[in-house]
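Peer 1: One file: input_3.tsv (TSV, C-alpha atoms).
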chain	number	residue	atom	x	y	z
A	407	MET	CA	38.04	18.67	60.68
A	408	GLN	CA	38.82	15.09	59.68
A	409	PRO	CA	38.28	12.36	62.32
A	410	ALA	CA	41.89	11.22	61.98
A	411	GLU	CA	43.04	14.72	62.96
A	412	ILE	CA	40.56	15.37	65.77
A	413	LEU	CA	42.89	14.43	68.64
A	414	GLY	CA	45.98	16.14	67.22
A	415	LEU	CA	48.29	13.31	68.23
A	416	PRO	CA	51.48	12.38	66.37
A	417	ARG	CA	51.37	9.22	64.32
A	418	PRO	CA	52.66	6.18	66.23
A	419	ALA	CA	55.79	4.47	64.96
A	420	TRP	CA	53.80	1.52	63.63
A	421	ALA	CA	51.73	3.80	61.37
A	422	GLY	CA	54.52	4.78	58.98
A	423	ASP	CA	54.25	6.31	55.53
A	424	GLU	CA	53.08	3.09	53.87
A	425	VAL	CA	50.31	2.60	56.43
A	426	GLY	CA	49.36	6.27	56.11
A	427	MET	CA	49.13	5.97	52.33
A	428	LEU	CA	46.90	2.92	52.68
A	429	TYR	CA	44.63	4.83	55.07
A	430	ASP	CA	44.34	7.70	52.60
A	431	MET	CA	43.61	5.34	49.73
A	432	ALA	CA	41.02	3.40	51.76
A	433	ASN	CA	39.40	6.64	52.91
A	434	ARG	CA	39.17	7.88	49.33
A	435	PHE	CA	37.77	4.59	47.99
A	436	LEU	CA	35.17	4.32	50.76
A	437	THR	CA	34.15	7.96	50.38
A	438	GLU	CA	33.78	7.77	46.60
A	439	GLU	CA	32.57	4.20	46.03
A	440	ILE	CA	30.80	3.05	49.19
A	441	ALA	CA	29.43	6.08	51.05
A	442	PRO	CA	27.17	7.25	48.15
A	443	ARG	CA	25.47	3.82	48.13
A	444	TYR	CA	25.46	3.20	51.87
A	445	GLU	CA	21.79	4.06	52.38
A	446	GLU	CA	20.94	1.50	49.71
A	447	PHE	CA	22.95	-1.16	51.55
A	448	GLU	CA	21.29	-0.21	54.83
A	449	LYS	CA	17.83	-0.64	53.29
A	450	ASN	CA	18.78	-3.92	51.62
A	451	GLU	CA	20.40	-5.03	54.88
A	452	LYS	CA	23.47	-6.27	53.07
A	453	PHE	CA	26.21	-5.16	50.69
A	454	ASP	CA	26.50	-6.39	47.13
A	455	ARG	CA	29.27	-8.51	45.67
A	456	GLU	CA	30.39	-5.71	43.37
A	457	SER	CA	31.46	-3.68	46.40
A	458	TRP	CA	33.50	-6.58	47.75
A	459	GLU	CA	35.17	-7.14	44.40
A	460	LYS	CA	35.97	-3.42	44.07
A	461	ALA	CA	37.46	-3.47	47.56
A	462	GLY	CA	39.62	-6.41	46.51
A	463	ALA	CA	40.73	-4.67	43.33
A	464	ASN	CA	41.76	-1.65	45.41
A	465	GLY	CA	43.87	-3.68	47.83
A	466	LEU	CA	41.51	-3.49	50.81
A	467	LEU	CA	41.06	-7.25	51.25
A	468	CYS	CA	43.65	-9.45	52.98
A	469	ALA	CA	46.16	-6.62	53.32
A	470	SER	CA	48.05	-8.57	55.98
A	471	MET	CA	48.22	-11.83	54.03
A	472	PRO	CA	51.52	-12.77	52.28
A	473	GLU	CA	51.88	-11.80	48.64
A	474	GLU	CA	52.44	-15.44	47.65
A	475	TYR	CA	48.82	-16.10	48.66
A	476	GLY	CA	47.37	-13.07	46.93
A	477	GLY	CA	47.59	-10.63	49.82
A	478	SER	CA	49.49	-7.38	50.14
A	479	GLY	CA	52.20	-8.64	52.51
A	480	GLY	CA	51.30	-6.21	55.28
A	481	THR	CA	50.65	-6.52	59.00
A	482	PHE	CA	47.86	-5.76	61.45
A	483	ALA	CA	48.93	-2.10	61.15
A	484	HIS	CA	47.62	-2.15	57.58
A	485	GLU	CA	44.38	-3.79	58.68
A	486	SER	CA	44.03	-1.10	61.33
A	487	ALA	CA	44.37	1.62	58.68
A	488	ILE	CA	41.55	0.08	56.63
A	489	ILE	CA	39.25	-0.45	59.62
A	490	GLU	CA	39.87	3.08	60.90
A	491	ALA	CA	39.00	4.45	57.45
A	492	ILE	CA	35.74	2.49	57.51
A	493	GLY	CA	34.88	4.03	60.88
A	494	HIS	CA	35.94	7.53	59.93
A	495	VAL	CA	33.95	7.51	56.68
A	496	GLY	CA	30.97	6.04	58.53
A	497	VAL	CA	30.35	2.85	56.55
A	498	ASP	CA	30.65	0.60	59.60
A	499	GLY	CA	28.46	-2.17	58.17
A	500	PHE	CA	31.02	-3.19	55.55
A	501	GLY	CA	32.15	-6.60	56.85
A	502	ILE	CA	35.75	-6.28	55.72
A	503	ALA	CA	37.22	-6.33	59.24
A	504	LEU	CA	36.08	-9.86	60.03
A	505	HIS	CA	36.96	-11.11	56.55
A	506	ASN	CA	40.48	-9.63	56.69
A	507	ALA	CA	41.61	-9.87	60.27
A	508	ILE	CA	39.71	-12.89	61.61
A	509	VAL	CA	38.78	-15.35	58.85
A	510	ALA	CA	41.89	-15.09	56.67
A	511	PRO	CA	44.36	-15.37	59.60
A	512	TYR	CA	42.87	-18.71	60.67
A	513	ILE	CA	43.67	-20.09	57.24
A	514	LEU	CA	47.12	-18.49	57.21
A	515	HIS	CA	48.13	-19.73	60.67
A	516	TYR	CA	46.54	-23.18	60.69
A	517	GLY	CA	45.92	-24.13	57.06
A	518	SER	CA	48.14	-26.33	54.95
A	519	ASP	CA	50.01	-24.79	52.04
A	520	GLU	CA	47.44	-26.33	49.73
A	521	GLN	CA	44.58	-24.76	51.71
A	522	LYS	CA	46.27	-21.35	51.72
A	523	LYS	CA	46.81	-21.45	47.96
A	524	LYS	CA	43.24	-22.56	47.39
A	525	TRP	CA	41.37	-20.06	49.55
A	526	LEU	CA	43.45	-16.98	50.40
A	527	PRO	CA	43.78	-15.61	46.83
A	528	LYS	CA	40.00	-15.80	46.41
A	529	LEU	CA	39.48	-14.00	49.72
A	530	ALA	CA	41.94	-11.33	48.58
A	531	THR	CA	40.03	-10.57	45.37
A	532	GLY	CA	36.56	-10.75	46.89
A	533	GLU	CA	35.68	-13.76	44.76
A	534	MET	CA	35.04	-15.44	48.11
A	535	ILE	CA	33.56	-13.70	51.15
A	536	GLY	CA	34.55	-15.14	54.51
A	537	ALA	CA	32.67	-15.82	57.75
A	538	ILE	CA	33.31	-17.76	60.93
A	539	ALA	CA	30.49	-19.70	62.56
A	540	MET	CA	31.11	-19.74	66.31
A	541	THR	CA	27.96	-18.60	68.10
A	542	GLU	CA	24.99	-20.91	68.55
A	543	PRO	CA	21.51	-20.30	70.00
A	544	GLY	CA	22.72	-21.80	73.28
A	545	ALA	CA	26.41	-20.90	73.18
A	546	GLY	CA	27.66	-17.33	72.85
A	547	SER	CA	30.70	-16.23	74.82
A	548	ASP	CA	31.05	-19.80	76.14
A	549	LEU	CA	32.67	-21.42	73.12
A	550	GLN	CA	33.18	-24.69	75.00
A	551	GLY	CA	29.41	-25.13	74.90
A	552	VAL	CA	28.99	-25.48	71.11
A	553	LYS	CA	26.77	-28.39	70.08
A	554	THR	CA	27.38	-28.49	66.33
A	555	ARG	CA	28.80	-31.93	65.47
A	556	ALA	CA	31.24	-32.98	62.76
A	557	GLU	CA	31.36	-36.77	62.53
A	558	LYS	CA	33.94	-38.47	60.33
A	559	ASP	CA	32.48	-40.66	57.61
A	560	GLY	CA	35.24	-42.05	55.43
A	561	ASN	CA	37.10	-39.13	53.85
A	562	GLN	CA	34.33	-36.67	54.77
A	563	TYR	CA	32.81	-34.99	57.80
A	564	ARG	CA	29.05	-34.89	58.28
A	565	ILE	CA	28.20	-31.61	59.96
A	566	ASN	CA	24.96	-31.16	61.90
A	567	GLY	CA	23.87	-28.20	63.98
A	568	SER	CA	22.96	-24.53	63.81
A	569	LYS	CA	24.66	-21.20	64.28
A	570	THR	CA	23.35	-17.69	64.81
A	571	PHE	CA	24.54	-14.05	64.73
A	572	ILE	CA	27.00	-14.93	61.94
A	573	THR	CA	28.52	-11.82	60.35
A	574	ASN	CA	28.62	-11.95	56.52
A	575	GLY	CA	26.36	-14.99	56.80
A	576	GLN	CA	24.11	-14.20	53.84
A	577	LEU	CA	26.96	-13.58	51.40
A	578	ALA	CA	29.70	-15.87	52.67
A	579	ASP	CA	31.17	-18.45	50.27
A	580	LEU	CA	33.72	-19.70	52.79
A	581	ILE	CA	32.71	-20.38	56.39
A	582	ILE	CA	34.99	-21.62	59.17
A	583	VAL	CA	32.72	-23.82	61.26
A	584	VAL	CA	33.44	-24.39	64.95
A	585	ALA	CA	32.27	-27.96	65.62
A	586	LYS	CA	32.74	-30.83	68.03
A	587	THR	CA	34.60	-33.73	66.45
A	588	ASP	CA	34.62	-35.51	69.83
A	589	PRO	CA	31.90	-34.20	72.17
A	590	GLU	CA	33.12	-36.31	75.09
A	591	LYS	CA	36.38	-34.38	75.25
A	592	GLY	CA	34.78	-30.94	75.77
A	593	ALA	CA	37.06	-28.12	74.63
A	594	LYS	CA	39.68	-30.66	73.51
A	595	GLY	CA	37.12	-32.17	71.15
A	596	THR	CA	36.56	-28.93	69.23
A	597	SER	CA	37.81	-28.49	65.64
A	598	LEU	CA	37.69	-25.83	62.93
A	599	ILE	CA	36.44	-27.05	59.55
A	600	VAL	CA	36.18	-24.94	56.40
A	601	LEU	CA	32.94	-25.13	54.42
A	602	GLU	CA	32.71	-23.90	50.86
A	603	THR	CA	29.02	-23.07	50.55
A	604	ALA	CA	28.65	-23.52	46.77
A	605	ASP	CA	26.65	-26.68	46.08
A	606	ALA	CA	26.88	-27.76	49.73
A	607	ASP	CA	23.88	-30.04	50.14
A	608	GLY	CA	22.19	-29.69	53.52
A	609	PHE	CA	23.57	-26.20	54.15
A	610	GLU	CA	20.89	-23.55	54.60
A	611	ARG	CA	20.99	-19.86	55.35
A	612	GLY	CA	18.25	-18.78	57.69
A	613	ARG	CA	17.00	-15.27	58.29
A	614	ASN	CA	19.05	-12.19	57.69
A	615	LEU	CA	18.57	-11.12	61.29
A	616	ASP	CA	16.76	-7.86	62.04
A	617	LYS	CA	19.25	-5.99	64.20
A	618	VAL	CA	19.07	-2.70	66.10
A	619	GLY	CA	22.04	-1.30	64.19
A	620	LEU	CA	24.68	-2.18	61.58
A	621	LYS	CA	21.79	-2.85	59.22
A	622	SER	CA	23.95	-3.09	56.09
A	623	ASN	CA	26.04	-5.88	57.60
A	624	ASP	CA	24.25	-9.16	56.89
A	625	THR	CA	24.02	-11.26	60.04
A	626	SER	CA	22.49	-14.70	59.73
A	627	GLU	CA	21.27	-17.93	61.12
A	628	LEU	CA	22.99	-20.93	59.51
A	629	PHE	CA	21.80	-24.53	59.47
A	630	PHE	CA	23.81	-27.70	58.82
A	631	ASN	CA	21.84	-30.84	58.03
A	632	ASP	CA	24.21	-33.70	57.20
A	633	VAL	CA	26.44	-31.29	55.30
A	634	ARG	CA	29.35	-33.24	53.86
A	635	VAL	CA	32.79	-31.63	53.87
A	636	PRO	CA	36.10	-33.28	52.88
A	637	THR	CA	38.28	-34.19	55.85
A	638	SER	CA	41.03	-32.26	54.03
A	639	ASN	CA	39.13	-29.07	55.01
A	640	LEU	CA	40.11	-29.49	58.67
A	641	LEU	CA	42.30	-26.61	59.86
A	642	GLY	CA	45.36	-27.99	61.59
A	643	HIS	CA	47.18	-31.30	61.45
A	644	GLU	CA	44.77	-33.12	63.74
A	645	GLU	CA	41.32	-32.90	65.26
A	646	GLY	CA	40.73	-31.30	68.64
A	647	GLN	CA	42.90	-28.21	68.08
A	648	GLY	CA	40.01	-25.82	67.46
A	649	PHE	CA	39.66	-24.39	70.95
A	650	ILE	CA	43.39	-23.69	71.21
A	651	GLN	CA	43.30	-22.07	67.75
A	652	LEU	CA	40.37	-19.87	68.80
A	653	MET	CA	42.11	-18.79	71.99
A	654	GLN	CA	45.29	-17.94	70.10
A	655	GLN	CA	43.43	-15.68	67.67
A	656	LEU	CA	40.99	-14.02	70.07
A	657	PRO	CA	43.46	-11.29	71.18
A	658	GLN	CA	43.58	-9.95	67.60
A	659	GLU	CA	39.80	-10.21	67.30
A	660	ARG	CA	39.36	-8.19	70.48
A	661	LEU	CA	41.93	-5.62	69.40
A	662	LEU	CA	40.06	-5.39	66.10
A	663	ILE	CA	36.87	-4.45	67.98
A	664	GLY	CA	38.93	-1.82	69.78
A	665	THR	CA	39.96	-0.44	66.37
A	666	GLN	CA	36.33	-0.05	65.40
A	667	ALA	CA	35.63	1.63	68.74
A	668	ILE	CA	38.36	4.26	68.58
A	669	ALA	CA	37.53	5.09	64.96
A	670	MET	CA	33.88	5.76	65.79
A	671	ILE	CA	34.86	7.74	68.89
A	672	GLU	CA	36.95	10.05	66.72
A	673	ARG	CA	34.23	10.43	64.10
A	674	ALA	CA	31.57	11.15	66.74
A	675	LEU	CA	33.72	13.92	68.18
A	676	ALA	CA	34.48	15.36	64.74
A	677	VAL	CA	30.85	15.58	63.61
A	678	THR	CA	29.73	16.91	67.00
A	679	ILE	CA	32.33	19.68	67.15
A	680	GLU	CA	31.33	20.71	63.63
A	681	TYR	CA	27.64	20.66	64.62
A	682	VAL	CA	27.94	22.72	67.83
A	683	LYS	CA	29.98	25.35	66.01
A	684	GLU	CA	27.18	25.83	63.47
A	685	ARG	CA	24.08	25.32	65.63
A	686	LYS	CA	22.69	28.43	67.32
A	687	ALA	CA	20.71	28.57	70.56
A	688	PHE	CA	19.69	31.62	72.57
A	689	GLY	CA	21.49	33.81	70.09
A	690	LYS	CA	24.89	32.15	70.14
A	691	ALA	CA	26.64	29.03	68.91
A	692	VAL	CA	26.12	25.95	71.07
A	693	ILE	CA	29.89	25.59	71.47
A	694	ASP	CA	29.97	28.96	73.27
A	695	PHE	CA	28.09	27.52	76.24
A	696	GLN	CA	30.33	26.44	79.08
A	697	ASN	CA	28.52	23.11	79.47
A	698	THR	CA	29.30	22.24	75.84
A	699	GLN	CA	32.94	23.21	76.24
A	700	PHE	CA	33.37	21.24	79.46
A	701	LYS	CA	31.63	18.16	78.06
A	702	LEU	CA	33.71	18.15	74.87
A	703	ALA	CA	36.87	18.74	76.91
A	704	GLU	CA	36.08	15.62	78.94
A	705	LEU	CA	35.29	13.55	75.88
A	706	LYS	CA	38.40	14.64	74.01
A	707	THR	CA	40.53	13.81	77.04
A	708	GLU	CA	39.05	10.33	77.34
A	709	ALA	CA	39.32	9.78	73.59
A	710	THR	CA	42.99	10.76	73.71
A	711	ILE	CA	43.63	8.29	76.53
A	712	GLY	CA	41.82	5.65	74.47
A	713	ARG	CA	43.85	6.37	71.34
A	714	VAL	CA	47.17	6.25	73.21
A	715	PHE	CA	46.19	2.94	74.82
A	716	TYR	CA	45.03	1.56	71.47
A	717	ASN	CA	48.27	2.60	69.74
A	718	ASP	CA	50.28	0.89	72.47
A	719	CYS	CA	48.23	-2.31	72.09
A	720	VAL	CA	48.85	-2.37	68.34
A	721	ALA	CA	52.59	-1.86	68.87
A	722	ARG	CA	52.64	-4.74	71.35
A	723	HIS	CA	50.60	-6.95	69.03
A	724	LEU	CA	52.93	-6.31	66.10
A	725	GLU	CA	55.82	-7.45	68.30
A	726	GLY	CA	53.91	-10.56	69.36
A	727	GLY	CA	53.45	-9.34	72.92
A	728	LEU	CA	49.75	-8.53	73.25
A	729	ASP	CA	48.56	-10.85	76.01
A	730	PRO	CA	44.91	-11.97	76.29
A	731	ALA	CA	44.23	-9.89	79.41
A	732	THR	CA	45.40	-6.64	77.83
A	733	ALA	CA	43.46	-7.40	74.65
A	734	SER	CA	40.40	-7.93	76.83
A	735	MET	CA	41.04	-4.57	78.52
A	736	ALA	CA	41.19	-2.88	75.14
A	737	LYS	CA	37.99	-4.53	73.95
A	738	TYR	CA	35.89	-3.77	77.02
A	739	TRP	CA	37.23	-0.32	77.91
A	740	LEU	CA	37.27	1.12	74.40
A	741	THR	CA	33.77	-0.15	73.58
A	742	ASP	CA	32.39	1.15	76.88
A	743	LEU	CA	34.00	4.49	76.04
A	744	GLN	CA	32.62	4.34	72.50
A	745	CYS	CA	29.05	4.02	73.77
A	746	LYS	CA	29.59	6.79	76.32
A	747	VAL	CA	31.10	9.23	73.82
A	748	VAL	CA	28.44	8.58	71.17
A	749	ASP	CA	25.67	9.01	73.75
A	750	GLU	CA	27.10	12.31	75.02
A	751	CYS	CA	27.64	13.55	71.46
A	752	LEU	CA	24.05	12.72	70.57
A	753	GLN	CA	22.91	14.75	73.60
A	754	LEU	CA	24.87	17.75	72.33
A	755	HIS	CA	22.92	17.52	69.06
A	756	GLY	CA	19.66	17.96	70.97
A	757	GLY	CA	16.55	16.72	69.19
A	758	TYR	CA	18.36	16.56	65.87
A	759	GLY	CA	20.63	13.87	67.29
A	760	TYR	CA	17.63	11.55	67.45
A	761	MET	CA	16.88	12.03	63.77
A	762	ASN	CA	18.15	9.32	61.44
A	763	GLU	CA	19.34	11.86	58.89
A	764	TYR	CA	22.14	12.86	61.27
A	765	PRO	CA	25.22	10.59	61.40
A	766	ILE	CA	25.29	10.55	65.20
A	767	ALA	CA	21.94	8.71	65.28
A	768	ARG	CA	23.31	5.83	63.23
A	769	MET	CA	26.45	5.74	65.36
A	770	TYR	CA	24.25	5.47	68.45
A	771	ARG	CA	22.55	2.37	67.02
A	772	ASP	CA	25.68	0.81	65.57
A	773	ALA	CA	27.85	1.23	68.67
A	774	ARG	CA	25.79	-0.81	71.10
A	775	VAL	CA	26.68	-4.30	69.84
A	776	GLN	CA	30.39	-3.63	70.31
A	777	ARG	CA	30.02	-4.39	74.02
A	778	ILE	CA	28.50	-7.79	73.19
A	779	TYR	CA	30.22	-9.56	70.30
A	780	GLY	CA	33.75	-10.90	70.46
A	781	GLY	CA	32.91	-11.93	74.03
A	782	THR	CA	30.71	-9.72	76.20
A	783	ASN	CA	32.42	-7.03	78.25
A	784	GLU	CA	31.43	-8.94	81.38
A	785	ILE	CA	33.41	-11.94	80.09
A	786	MET	CA	36.34	-9.61	79.35
A	787	LYS	CA	36.39	-8.59	83.01
A	788	LEU	CA	36.38	-12.22	84.12
A	789	LEU	CA	39.37	-12.92	81.86
A	790	ILE	CA	41.24	-9.91	83.24
A	791	ALA	CA	40.41	-10.90	86.83
A	792	ARG	CA	41.96	-14.36	86.40
A	793	GLY	CA	45.39	-12.76	86.27
A	794	LEU	CA	45.00	-10.63	89.39
For the file at hand, write its structure as structure tokens.
Peer 2:
Amino acid sequence: MQPAEILGLPRPAWAGDEVGMLYDMANRFLTEEIAPRYEEFEKNEKFDRESWEKAGANGLLCASMPEEYGGSGGTFAHESAIIEAIGHVGVDGFGIALHNAIVAPYILHYGSDEQKKKWLPKLATGEMIGAIAMTEPGAGSDLQGVKTRAEKDGNQYRINGSKTFITNGQLADLIIVVAKTDPEKGAKGTSLIVLETADADGFERGRNLDKVGLKSNDTSELFFNDVRVPTSNLLGHEEGQGFIQLMQQLPQERLLIGTQAIAMIERALAVTIEYVKERKAFGKAVIDFQNTQFKLAELKTEATIGRVFYNDCVARHLEGGLDPATASMAKYWLTDLQCKVVDECLQLHGGYGYMNEYPIARMYRDARVQRIYGGTNEIMKLLIARGL
């Protein structure tokens, strides 16, 4: 049984034929081109550029960017199809989601026409790999607390500071840096500045961080020591708009994490149902035990609720009506459910579930960070509570 079919639900209206075709194409590409090499990427703790360029050539990069800037002219529905395919195939470490649905939209929404023409086509082909540098050693979910400075010096900014936990950090050619252009103004002194890493004096990549899971996704420390960037690389018409820009885009980022969650939930159920049908214990298949049936019935029910909620959130987002509180609900609830489902599915595998050769073991490791990045689930609850 395919993960996309596991819940037996009808396709939502937003996932029409074109979106379905993209999902099928992405699934095929990832199965044929990426999955056979995934162990290699896990051991190397990063992907290679060839994979990114192949993804670009197959239309999997910047699907929601306008065609005039090298994209495919789609919407978040198309990004969802690609991200779901990544989760269903089980190559979760491929950093396409952030590149497509977080980095590129900042440039699209806040960049000048010149900036869009300069950077988006290269992101669409994979010539450039994107990252966004928000988190710092002392500032995670609290983005107002960033210390990285960008001081104007003529027609350049001098950037000083450090970032950590930066997805795609080892490979990125284009990094959106969250920095304080006026530290005395707090959030209102925050700006987003684009750094092209090639020949950027003073820019250093630190360690490729040794994570619990998502090993193939390079995650780095970044250091900025008097890095000079043209003032024309500021996103927006004036300084101090960065915090507002971040807040405007965070609902999509949190929905994106929900996409990853529901895709893994469906894959975990699919591989577990297949396993318990084949595995024998005490002379009969594991699925014939009432405990197995009841547990899977519970998980399928919760997964179905999660999928229906996710589909509704996407529909609302496509209409411009996904509010921050609901996006926070999707992020926290779906990732909590993801960790619960994967844990229960591992238990149904018995001792084999703890063996790395079984997909459920990797899912167990990879799932845990979902409740942390994009704002911890505790922060999500605070955001929801503000509207009570």
Peer 1: What separation in Å, quoted to one decimal, exists between atom CA of Ser597 of chain A and atom CA of Gly646 of chain A?
Peer 2: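 Computing the Euclidean distance for atom CA of Ser597 of chain A and atom CA of Gly646 of chain A yields 5.0 Å.
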Peer 1: So that I can see what lies close to Thr573 of chain A, please list as a list of chain:residue names the residues with an atom at most 9 Å from it, counting only C-alpha atoms and leaving out residues fewer than 6 positions away in the same chain.
Peer 2: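 What passes the distance filter is A:Gly501, A:Leu504, A:Ala537, A:Ile538, A:Ala539, A:Asn623, A:Asp624, A:Thr625, A:Ser626.
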Peer 1: Show me a table, sorted first by chain and then by increasing residue number, of the residues of segment 604-667 of chain A having an atom at most 10 Å from segment 441-464 of chain A, each with its shortest atom pair and the distance in Å to one decimal, counting only C-alpha atoms and written as a tab-separated table.
Peer 2:
residue	atom	partner	partner_atom	distance
A:Asn614	CA	A:Glu451	CA	7.8
A:Leu615	CA	A:Glu451	CA	9.0
A:Asp616	CA	A:Glu451	CA	8.5
A:Lys617	CA	A:Glu451	CA	9.4
A:Gly619	CA	A:Glu448	CA	9.5
A:Leu620	CA	A:Glu448	CA	7.8
A:Lys621	CA	A:Glu451	CA	5.1
A:Ser622	CA	A:Glu448	CA	4.1
A:Asn623	CA	A:Lys452	CA	5.2
A:Asp624	CA	A:Lys452	CA	4.9
A:Thr625	CA	A:Lys452	CA	8.6
Peer 1: Using all atoms listed in the file, which of A:Leu728, A:Leu743, A:Ala736, A:Val618 sits nearest Ala709 of chain A?
Peer 2: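 Of A:Leu728, A:Leu743, A:Ala736, A:Val618, the one nearest Ala709 of chain A is A:Leu743, counting all atoms listed in the file.
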Peer 1: As a PyMOL selection string, please: the residues near Lys591 of chain A (cut-off 12 Å, only C-alpha atoms, same-chain neighbours under 3 positions excluded).
Peer 2: chain A and resi 550-551+586-588+594-597+645-647+649
Peer 1: Which value, in Å to one decimal, gives the distance between atom CA of Phe500 of chain A and atom CA of Ile440 of chain A?
Peer 2: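 The value is 8.9 Å.
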Peer 1: Just how far from atom CA of Val747 of chain A is atom CA of Thr678 of chain A, in Å to one decimal?
Peer 2: 10.4 Å
Peer 1: Taking the structure in the block just given, could you write segment 751-757 of chain A with all heavy atoms, as a PDB file, in the first residue's frame?
Peer 2:
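Result file part34.pdb:
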ATOM      1  N   CYS A 751       4.277   2.941  16.132  1.00  0.00           N
ATOM      2  CA  CYS A 751       4.575   2.054  15.011  1.00  0.00           C
ATOM      3  C   CYS A 751       5.886   1.299  15.245  1.00  0.00           C
ATOM      4  O   CYS A 751       6.005   0.122  14.904  1.00  0.00           O
ATOM      5  CB  CYS A 751       4.633   2.852  13.712  1.00  0.00           C
ATOM      6  SG  CYS A 751       3.007   3.364  13.093  1.00  0.00           S
ATOM      7  N   LEU A 752       6.862   1.985  15.834  1.00  0.00           N
ATOM      8  CA  LEU A 752       8.111   1.297  16.168  1.00  0.00           C
ATOM      9  C   LEU A 752       7.836   0.169  17.157  1.00  0.00           C
ATOM     10  O   LEU A 752       8.376  -0.938  17.031  1.00  0.00           O
ATOM     11  CB  LEU A 752       9.116   2.297  16.752  1.00  0.00           C
ATOM     12  CG  LEU A 752      10.538   1.771  16.978  1.00  0.00           C
ATOM     13  CD1 LEU A 752      11.548   2.899  16.825  1.00  0.00           C
ATOM     14  CD2 LEU A 752      10.707   1.128  18.352  1.00  0.00           C
ATOM     15  N   GLN A 753       6.988   0.422  18.142  1.00  0.00           N
ATOM     16  CA  GLN A 753       6.647  -0.602  19.144  1.00  0.00           C
ATOM     17  C   GLN A 753       6.035  -1.834  18.477  1.00  0.00           C
ATOM     18  O   GLN A 753       6.326  -2.976  18.868  1.00  0.00           O
ATOM     19  CB  GLN A 753       5.669  -0.023  20.163  1.00  0.00           C
ATOM     20  CG  GLN A 753       5.378  -0.937  21.353  1.00  0.00           C
ATOM     21  CD  GLN A 753       6.542  -1.038  22.314  1.00  0.00           C
ATOM     22  OE1 GLN A 753       7.456  -0.221  22.268  1.00  0.00           O
ATOM     23  NE2 GLN A 753       6.528  -2.038  23.173  1.00  0.00           N
ATOM     24  N   LEU A 754       5.218  -1.612  17.459  1.00  0.00           N
ATOM     25  CA  LEU A 754       4.592  -2.745  16.766  1.00  0.00           C
ATOM     26  C   LEU A 754       5.597  -3.550  15.945  1.00  0.00           C
ATOM     27  O   LEU A 754       5.309  -4.684  15.558  1.00  0.00           O
ATOM     28  CB  LEU A 754       3.449  -2.252  15.877  1.00  0.00           C
ATOM     29  CG  LEU A 754       2.195  -1.769  16.635  1.00  0.00           C
ATOM     30  CD1 LEU A 754       1.219  -1.104  15.671  1.00  0.00           C
ATOM     31  CD2 LEU A 754       1.524  -2.916  17.382  1.00  0.00           C
ATOM     32  N   HIS A 755       6.753  -2.969  15.679  1.00  0.00           N
ATOM     33  CA  HIS A 755       7.828  -3.713  15.002  1.00  0.00           C
ATOM     34  C   HIS A 755       8.614  -4.587  15.980  1.00  0.00           C
ATOM     35  O   HIS A 755       9.440  -5.403  15.550  1.00  0.00           O
ATOM     36  CB  HIS A 755       8.812  -2.738  14.333  1.00  0.00           C
ATOM     37  CG  HIS A 755       8.371  -2.211  13.004  1.00  0.00           C
ATOM     38  ND1 HIS A 755       7.369  -1.287  12.859  1.00  0.00           N
ATOM     39  CD2 HIS A 755       8.834  -2.461  11.747  1.00  0.00           C
ATOM     40  CE1 HIS A 755       7.223  -0.987  11.573  1.00  0.00           C
ATOM     41  NE2 HIS A 755       8.092  -1.677  10.876  1.00  0.00           N
ATOM     42  N   GLY A 756       8.395  -4.389  17.272  1.00  0.00           N
ATOM     43  CA  GLY A 756       9.186  -5.132  18.252  1.00  0.00           C
ATOM     44  C   GLY A 756      10.655  -4.754  18.160  1.00  0.00           C
ATOM     45  O   GLY A 756      11.005  -3.624  17.813  1.00  0.00           O
ATOM     46  N   GLY A 757      11.525  -5.695  18.453  1.00  0.00           N
ATOM     47  CA  GLY A 757      12.964  -5.441  18.447  1.00  0.00           C
ATOM     48  C   GLY A 757      13.487  -4.981  17.106  1.00  0.00           C
ATOM     49  O   GLY A 757      14.438  -4.192  17.041  1.00  0.00           O
TER      50      GLY A 757
END
